[in-house]
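One structure is given here, and the rest of the page talks about it.
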Amino acid sequence: MDETGRAPTKLDLHYVEPRLVALYDLENPRGPDTDFYLDLANEIDARSIIDLGCGTGLLTREFATGVRRVTGVDPSAAMLEVARSKPNAERVTWVEGDASSFGDRDADLVVMTGNVAQVFLDESSWAGTLEAIHGALRPGGHLAFESRNPVARAWEQWTRESTFERAESPYGPMECWLELVSVSPGRVVFEGHNVFLSSGEVLVARSELRFRSQEELTRSLDRAGFVVEHVFGSWKRDPFSPGSRMMLFVARRS
């Protein structure tokens, strides 16, 4: 436990191993998710933005235009090292930590992208994160994040057969794939296999994610003092339906 009484954030290998961190932007390039969050920030005229779980800062740096105050928060020092090396990184305040690192803020918008909401496995850590976000937002400020819809059972595609790829990397040719380890109510454990063909070295990164339903997420936001304004089912803002693969929440601090 730290001085706040919270357990330290446990990071998966692909967030701390420099060779895997270097691959992150190659595996997660700019896409429609970036446009969704940028458009939202423009629509609500967000002048102060916090990107929680900012990773290598692709979206964070795009937020940082004009007079905006942008803060990127991530518990991974390796991820932030990459973020700080990118163009326009000087326009962002980078913070190594989690939601407890916010301090006194008056933000217009807090975002959690890349399904960051699913790394909070137990209810206390999720509730504590929402509480910290609520405290960092000005009255009427917004929280936006996405999470996979458990009804769509995305994990059934996390197999070697479905995910195998061979690609070039800064460390030579590689083979990568996912393998499902276990599924229990609300939780999924899987492994990312990374083979460096030049050396034969294999790095296996195990991860666990929490799959909450739309109803569970809505209730948790309500308890934390948020009003859910929208739940979209795609980056194109299609209405969420039970068969949607994703849930995009936009909530307002009440």
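A note on labels: chains of the structure tokens are A, B, ... as shown, every chain counts residues from 1, and ligands are counted from 1 in their shown order.
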
>> Please list as a VMD selection string every residue within 7 Å of range 77-88 of chain A, counting only C-alpha atoms and excluding residues in the same chain fewer than 5 positions away.
In response: chain A and resid 15 to 16 18 21 55 to 57 61 96

Could the residues in this selection be saved with N, CA and C atoms as a CSV table (one decimal), in the first residue's frame?
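For reference, out_23.csv as written:
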```
chain,number,residue,atom,x,y,z
A,15,TYR,N,3.5,-3.2,-20.9
A,15,TYR,CA,3.6,-1.8,-20.5
A,15,TYR,C,4.9,-1.4,-19.9
A,16,VAL,N,5.8,-2.4,-19.6
A,16,VAL,CA,7.0,-2.1,-18.9
A,16,VAL,C,8.2,-2.6,-19.7
A,18,PRO,N,10.7,-2.6,-22.5
A,18,PRO,CA,11.0,-1.6,-23.5
A,18,PRO,C,10.7,-2.0,-24.9
A,21,VAL,N,7.0,-2.1,-25.4
A,21,VAL,CA,6.5,-0.7,-25.5
A,21,VAL,C,6.8,-0.1,-26.8
A,55,GLY,N,-0.8,6.2,-22.1
A,55,GLY,CA,0.2,5.4,-22.9
A,55,GLY,C,1.3,6.2,-23.5
A,56,THR,N,1.5,6.0,-24.8
A,56,THR,CA,2.5,6.7,-25.6
A,56,THR,C,2.1,8.0,-26.1
A,57,GLY,N,0.8,8.4,-25.7
A,57,GLY,CA,0.4,9.8,-25.9
A,57,GLY,C,0.0,10.2,-27.3
A,61,ARG,N,-1.3,14.1,-27.4
A,61,ARG,CA,-0.6,15.2,-28.1
A,61,ARG,C,-1.5,15.9,-29.1
A,96,GLU,N,3.4,10.5,-14.1
A,96,GLU,CA,3.5,9.1,-13.9
A,96,GLU,C,2.7,8.8,-12.7
```

>> Would you pick out the contacts of His230 in chain A at 8 Å or less, using only C-alpha atoms, so that residues sharing its chain but fewer than 6 positions from it are not included, and give the list as a PyMOL selection string?
In response: chain A and resi 248-251

>> Can you tell me which residues surround Val204 in chain A at a distance of at most 9 Å, considering only C-alpha atoms, apart from same-chain residues fewer than 6 positions away, and format the answer as an MDAnalysis selection string?
In response: chainID A and resid 13:14 191:195

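CA of Pro242 in chain A to CA of Asp39 in chain A spans 25.2 Å [interatomic distance, one decimal].
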
> Rounded to one decimal in Å, what is the spacing between CA of Val111 in chain A and CA of Thr60 in chain A?
Replying inline: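 About the pair CA of Val111 in chain A and CA of Thr60 in chain A: they are 9.7 Å apart.
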
>> Quick one: residues within 9 Å of Gly225 in chain A, only C-alpha atoms, excluding same-chain residues fewer than 5 positions away - as a PyMOL selection string?
In response: chain A and resi 130-131+134+220+252-254

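Atom to atom, CA of His142 in chain A and CA of Ala89 in chain A stand 23.8 Å apart.
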
> Which of these, A:Leu197, A:Tyr171, A:Ser234, A:Glu179, has the shortest distance to Ala22 in chain A once you count only C-alpha atoms?
Replying inline: A:Tyr171

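When only C-alpha atoms are used to compute distances to Arg148 in chain A, the closest of the residues A:Pro32, A:Ala117, A:Arg68, A:Ala107 turns out to be A:Ala117.
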
>> Quick one: residues within 8 Å of range 153-158 of chain A, only C-alpha atoms, excluding same-chain residues fewer than 6 positions away - as number ranges by chain?
In response: A: 178-180, 188, 190, 245

Using DSSP on the backbone coordinates, identify all residues within range 149-202 of chain A classified as strand (DSSP E or B); present the result as a PDB file with N, CA and C atoms, in the first residue's frame.
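out.pdb was written with the following content:
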```
ATOM      1  N   GLU A 165       0.293 -13.124 -36.486  1.00  0.00           N
ATOM      2  CA  GLU A 165       0.842 -12.267 -37.528  1.00  0.00           C
ATOM      3  C   GLU A 165       2.365 -12.284 -37.468  1.00  0.00           C
ATOM      4  N   ARG A 166       2.958 -12.122 -38.619  1.00  0.00           N
ATOM      5  CA  ARG A 166       4.416 -12.021 -38.745  1.00  0.00           C
ATOM      6  C   ARG A 166       4.712 -10.628 -39.265  1.00  0.00           C
ATOM      7  N   ALA A 167       5.603  -9.898 -38.600  1.00  0.00           N
ATOM      8  CA  ALA A 167       5.828  -8.500 -38.967  1.00  0.00           C
ATOM      9  C   ALA A 167       7.258  -8.093 -38.665  1.00  0.00           C
ATOM     10  N   GLU A 168       7.677  -7.021 -39.310  1.00  0.00           N
ATOM     11  CA  GLU A 168       8.966  -6.423 -39.021  1.00  0.00           C
ATOM     12  C   GLU A 168       8.829  -5.473 -37.836  1.00  0.00           C
ATOM     13  N   SER A 169       9.879  -5.380 -37.053  1.00  0.00           N
ATOM     14  CA  SER A 169       9.878  -4.505 -35.891  1.00  0.00           C
ATOM     15  C   SER A 169      11.249  -3.859 -35.759  1.00  0.00           C
ATOM     16  N   GLY A 172      13.874  -6.504 -35.503  1.00  0.00           N
ATOM     17  CA  GLY A 172      13.913  -7.556 -36.492  1.00  0.00           C
ATOM     18  C   GLY A 172      12.554  -8.223 -36.669  1.00  0.00           C
ATOM     19  N   PRO A 173      12.501  -9.291 -37.446  1.00  0.00           N
ATOM     20  CA  PRO A 173      11.224  -9.963 -37.694  1.00  0.00           C
ATOM     21  C   PRO A 173      10.670 -10.606 -36.427  1.00  0.00           C
ATOM     22  N   MET A 174       9.342 -10.562 -36.315  1.00  0.00           N
ATOM     23  CA  MET A 174       8.676 -11.106 -35.137  1.00  0.00           C
ATOM     24  C   MET A 174       7.454 -11.910 -35.552  1.00  0.00           C
ATOM     25  N   GLU A 175       7.052 -12.807 -34.656  1.00  0.00           N
ATOM     26  CA  GLU A 175       5.767 -13.478 -34.747  1.00  0.00           C
ATOM     27  C   GLU A 175       5.005 -13.185 -33.460  1.00  0.00           C
ATOM     28  N   CYS A 176       3.731 -12.822 -33.587  1.00  0.00           N
ATOM     29  CA  CYS A 176       2.927 -12.439 -32.425  1.00  0.00           C
ATOM     30  C   CYS A 176       1.541 -13.064 -32.529  1.00  0.00           C
ATOM     31  N   TRP A 177       0.983 -13.423 -31.387  1.00  0.00           N
ATOM     32  CA  TRP A 177      -0.382 -13.920 -31.362  1.00  0.00           C
ATOM     33  C   TRP A 177      -0.926 -13.877 -29.933  1.00  0.00           C
ATOM     34  N   LEU A 178      -2.237 -14.017 -29.802  1.00  0.00           N
ATOM     35  CA  LEU A 178      -2.899 -14.077 -28.502  1.00  0.00           C
ATOM     36  C   LEU A 178      -3.376 -15.497 -28.233  1.00  0.00           C
ATOM     37  N   GLU A 179      -3.423 -15.848 -26.956  1.00  0.00           N
ATOM     38  CA  GLU A 179      -3.990 -17.120 -26.537  1.00  0.00           C
ATOM     39  C   GLU A 179      -4.848 -16.897 -25.303  1.00  0.00           C
ATOM     40  N   LEU A 180      -6.086 -17.367 -25.375  1.00  0.00           N
ATOM     41  CA  LEU A 180      -6.998 -17.266 -24.244  1.00  0.00           C
ATOM     42  C   LEU A 180      -6.571 -18.245 -23.162  1.00  0.00           C
ATOM     43  N   VAL A 181      -6.548 -17.780 -21.902  1.00  0.00           N
ATOM     44  CA  VAL A 181      -6.149 -18.625 -20.778  1.00  0.00           C
ATOM     45  C   VAL A 181      -7.355 -19.097 -19.985  1.00  0.00           C
ATOM     46  N   SER A 182      -8.214 -18.164 -19.592  1.00  0.00           N
ATOM     47  CA  SER A 182      -9.386 -18.551 -18.803  1.00  0.00           C
ATOM     48  C   SER A 182     -10.472 -17.494 -18.901  1.00  0.00           C
ATOM     49  N   VAL A 183     -11.702 -17.948 -18.697  1.00  0.00           N
ATOM     50  CA  VAL A 183     -12.864 -17.064 -18.673  1.00  0.00           C
ATOM     51  C   VAL A 183     -13.675 -17.405 -17.434  1.00  0.00           C
ATOM     52  N   SER A 184     -13.947 -16.395 -16.612  1.00  0.00           N
ATOM     53  CA  SER A 184     -14.804 -16.549 -15.442  1.00  0.00           C
ATOM     54  C   SER A 184     -15.794 -15.398 -15.448  1.00  0.00           C
ATOM     55  N   ARG A 187     -14.594 -11.767 -15.981  1.00  0.00           N
ATOM     56  CA  ARG A 187     -13.139 -11.651 -16.087  1.00  0.00           C
ATOM     57  C   ARG A 187     -12.593 -12.579 -17.159  1.00  0.00           C
ATOM     58  N   VAL A 188     -11.581 -12.070 -17.868  1.00  0.00           N
ATOM     59  CA  VAL A 188     -10.937 -12.846 -18.922  1.00  0.00           C
ATOM     60  C   VAL A 188      -9.426 -12.696 -18.779  1.00  0.00           C
ATOM     61  N   VAL A 189      -8.713 -13.824 -18.806  1.00  0.00           N
ATOM     62  CA  VAL A 189      -7.256 -13.839 -18.752  1.00  0.00           C
ATOM     63  C   VAL A 189      -6.741 -14.351 -20.093  1.00  0.00           C
ATOM     64  N   PHE A 190      -5.764 -13.654 -20.647  1.00  0.00           N
ATOM     65  CA  PHE A 190      -5.184 -14.071 -21.924  1.00  0.00           C
ATOM     66  C   PHE A 190      -3.706 -13.731 -21.938  1.00  0.00           C
ATOM     67  N   GLU A 191      -2.982 -14.280 -22.905  1.00  0.00           N
ATOM     68  CA  GLU A 191      -1.549 -14.052 -23.032  1.00  0.00           C
ATOM     69  C   GLU A 191      -1.213 -13.571 -24.434  1.00  0.00           C
ATOM     70  N   GLY A 192      -0.300 -12.607 -24.487  1.00  0.00           N
ATOM     71  CA  GLY A 192       0.252 -12.152 -25.755  1.00  0.00           C
ATOM     72  C   GLY A 192       1.630 -12.754 -25.942  1.00  0.00           C
ATOM     73  N   HIS A 193       1.808 -13.528 -27.007  1.00  0.00           N
ATOM     74  CA  HIS A 193       3.087 -14.185 -27.287  1.00  0.00           C
ATOM     75  C   HIS A 193       3.852 -13.368 -28.321  1.00  0.00           C
ATOM     76  N   ASN A 194       5.112 -13.088 -28.017  1.00  0.00           N
ATOM     77  CA  ASN A 194       5.959 -12.273 -28.879  1.00  0.00           C
ATOM     78  C   ASN A 194       7.280 -13.006 -29.090  1.00  0.00           C
ATOM     79  N   VAL A 195       7.526 -13.441 -30.323  1.00  0.00           N
ATOM     80  CA  VAL A 195       8.722 -14.219 -30.648  1.00  0.00           C
ATOM     81  C   VAL A 195       9.646 -13.362 -31.500  1.00  0.00           C
ATOM     82  N   PHE A 196      10.861 -13.123 -31.006  1.00  0.00           N
ATOM     83  CA  PHE A 196      11.886 -12.391 -31.760  1.00  0.00           C
ATOM     84  C   PHE A 196      12.673 -13.419 -32.562  1.00  0.00           C
ATOM     85  N   GLU A 201      14.170 -15.439 -28.828  1.00  0.00           N
ATOM     86  CA  GLU A 201      13.611 -15.114 -27.517  1.00  0.00           C
ATOM     87  C   GLU A 201      12.098 -14.966 -27.599  1.00  0.00           C
ATOM     88  N   VAL A 202      11.434 -15.450 -26.563  1.00  0.00           N
ATOM     89  CA  VAL A 202       9.983 -15.372 -26.494  1.00  0.00           C
ATOM     90  C   VAL A 202       9.584 -14.589 -25.246  1.00  0.00           C
TER      91      VAL A 202
END
```
